[in-house]
Each structure stands twice: as C-alpha cells, then as structure tokens.
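Written out below as structure tokens is the structure these notes cover.
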Amino acid sequence: MKDSVLILSGGMDSTTMLYDKQERIALAITFDYGSKHNAREIPFAKMHCQRLGIKHIVIPLDFMTQYFKSSLLQGGEEIPEGHYADENMRSTVVPFRNGIMLSIAVGIAESNGLKYVMMANHSGDHTIYPDCTPQFVEAFNNAAMAGTFVKVALCSPYTNMTKGEIAKRGKELGIDYSETWSCYKGNERHCGRCGTCVERREALAEAGIEDPTIYED
C-alpha cells in the first residue's frame, strides 16, 4: 500500500492529506525554499510525520531566494494583505514553484520504486497560482509519466475541492489545525490579514471548526 511520496508543507491542506492518505505515503518531503514562513511550517511537518511514523525529509532549495522574485521569499517586498482574489496577491506567487518541487519529488519517487507523487492543491489556488490549476496537474502528470521508467503519476485528489471542504475532511479525521501554519509573514503569530490567513479563517468557519489560531489582530 505504501506507494506514494507526499509534498508536505506543514499547512492545513497538505497536513490533511498526510492523515487522509497515510496508508499510502512512504515518504513526505518538505522543501525549504527560503520563504518567510518556512521556519514556522517545517516543525509542524516534521512533528506530524513523527506522530504517524512516516519518513520525512527536508530538501533545501536555496537558489530560489537568490534568483526568483516573489514577496513570499526572504528579501522580497512586504507580504500584501487582502483576499486571494485581489490583484495585489499575485506578488506572492513563486514562479513555477510546484513544477520544481514536483520534478524533484518525481525523481525521488522513481529512485525509491514509488509510483505516485501527491500534492494538496485545491480549487481556491486556481485564482492566483497557475501551477495549481487542473490544466497544470494534467500536463505535469503526462510529463512525469512520459519521463520515468515506472511511469510515476501525479495524485492531487483535492484539486477541485475548496479549502473549506478540505477542512471538513480534516474535522472528520480529528486534525487539530492549531498544529498547522498558514501565515505568509512568518511572524510569531498569524497576522490574520494576508491572503492565506483570510482563507484559513473562511475555511475553518465553513467547516464548522472553532478557529484555534492565535492571530495578531
């Protein structure tokens, strides 16, 4: 049954998938790509994998902060505040981030005799992140299968789900979302105002979960 690699950030969505698909996950990978909130996410990713007995590795992608432009990265401009639907949120896009991470995960999957790479993108990402859309998922899946001997496939079961629906699944699984991190600013507390904080609040409310998050405001 252990046939998959999961890309695990330590946020709500990938943590839900970790618990949801734990019987299939042989290895979880967290990428330290120099985002302002990596230091907040990574300990949660590690903790959940230890709890479930799933092997976890952290892979550094230092080059992104040197050569890529995004407000999400260390040294970038200030993280904007507002909803993901707002135009200013486009500054948080890290160019082709998922494509790069998925490519590495596919290579690791094939090296370990695993057939699937899992990612926890969802429909709320489609508005702003081009490498989270159904079109991207289909194209990358085709490329991964064509480019590997074992035909590694991309598994993204949350693609057409809302973050609220994912949170509902997490509620069924008994996940404590205080043990996840969302805020892009990476401060001691969630800011409550950036796009991912706004989305986190909305998703927990939609799922009927009392928000356990400590916000700055």
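Chain identifiers are assigned as A, B, and so on, following the order in which chains appear in the structure tokens; residues are numbered from 1 within each chain, and ligands are numbered from 1 in order of appearance.
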Next item on the list: Please give the complete set of residues from chain A that DSSP, run on the backbone, assigns to strand (DSSP E), formatted as an MDAnalysis selection string.
Entry: chainID A and resid 4:7 25:32 55:60 116:118 153:155
Report as CSV: every residue of range 10-38 of chain A with an atom at most 6 Å from range 47-68 of chain A, its closest pair of atoms, and their distance in Å to one decimal, counting only C-alpha atoms, with rows sorted by chain and ascending residue number.
```
residue,atom,partner,partner_atom,distance
A:Leu27,CA,A:Lys55,CA,5.0
A:Ala28,CA,A:His56,CA,4.8
A:Ile29,CA,A:Ile57,CA,5.1
A:Thr30,CA,A:Val58,CA,4.8
A:Phe31,CA,A:Ile59,CA,4.9
A:Asp32,CA,A:Pro60,CA,4.6
A:Tyr33,CA,A:Leu61,CA,4.5
A:Gly34,CA,A:Thr65,CA,5.7
```
May I have the selected residues written with N, CA and C atoms, as a PDB file, in the first residue's frame?
```pdb
ATOM      1  N   LEU A  27       6.856   8.314   2.076  1.00  0.00           N
ATOM      2  CA  LEU A  27       7.815   9.382   2.336  1.00  0.00           C
ATOM      3  C   LEU A  27       7.144  10.738   2.148  1.00  0.00           C
ATOM      4  N   ALA A  28       7.399  11.663   3.074  1.00  0.00           N
ATOM      5  CA  ALA A  28       6.924  13.037   2.934  1.00  0.00           C
ATOM      6  C   ALA A  28       8.131  13.953   2.771  1.00  0.00           C
ATOM      7  N   ILE A  29       8.023  14.890   1.836  1.00  0.00           N
ATOM      8  CA  ILE A  29       9.116  15.817   1.556  1.00  0.00           C
ATOM      9  C   ILE A  29       8.656  17.237   1.843  1.00  0.00           C
ATOM     10  N   THR A  30       9.448  17.959   2.619  1.00  0.00           N
ATOM     11  CA  THR A  30       9.223  19.383   2.827  1.00  0.00           C
ATOM     12  C   THR A  30      10.372  20.136   2.167  1.00  0.00           C
ATOM     13  N   PHE A  31      10.059  21.159   1.418  1.00  0.00           N
ATOM     14  CA  PHE A  31      11.077  21.946   0.731  1.00  0.00           C
ATOM     15  C   PHE A  31      11.309  23.260   1.478  1.00  0.00           C
ATOM     16  N   ASP A  32      12.561  23.496   1.838  1.00  0.00           N
ATOM     17  CA  ASP A  32      12.946  24.757   2.467  1.00  0.00           C
ATOM     18  C   ASP A  32      13.476  25.656   1.353  1.00  0.00           C
ATOM     19  N   TYR A  33      12.585  26.480   0.802  1.00  0.00           N
ATOM     20  CA  TYR A  33      12.934  27.266  -0.373  1.00  0.00           C
ATOM     21  C   TYR A  33      13.134  28.749  -0.064  1.00  0.00           C
ATOM     22  N   GLY A  34      13.277  29.053   1.226  1.00  0.00           N
ATOM     23  CA  GLY A  34      13.561  30.419   1.618  1.00  0.00           C
ATOM     24  C   GLY A  34      12.355  31.311   1.741  1.00  0.00           C
TER      25      GLY A  34
END
```
Note to self: Given only C-alpha atoms as the basis, pick out the residue of A:Lys185, A:His122, A:Arg193, A:Arg200 nearest to Glu77 in chain A.
What the structure shows: A:Lys185
Notebook entry, point to check: From the set A:Val5, A:Val93, A:Ile209, A:Leu73, which residue has the shortest atom-to-atom contact distance to Ala153 in chain A, counting only C-alpha atoms?
Noted result: A:Val5
Margin query: Give me the residues near Phe96 in chain A as a list in words, where near means some atom within 10 Å (using only C-alpha atoms) and where sequence neighbours in that chain fewer than 5 positions away do not count.
Written below: Phe68, Met101, Leu102, Tyr129, Pro130, Asp131 and Cys132 of chain A
Next item on the list: Just list the residues in range 3-140 of chain A DSSP gives helix (DSSP H, G or I) on the backbone, as an MDAnalysis selection string.
Entry: chainID A and resid 12:20 38:52 63:67 87:92 97:111 123:125 130:132 134:140
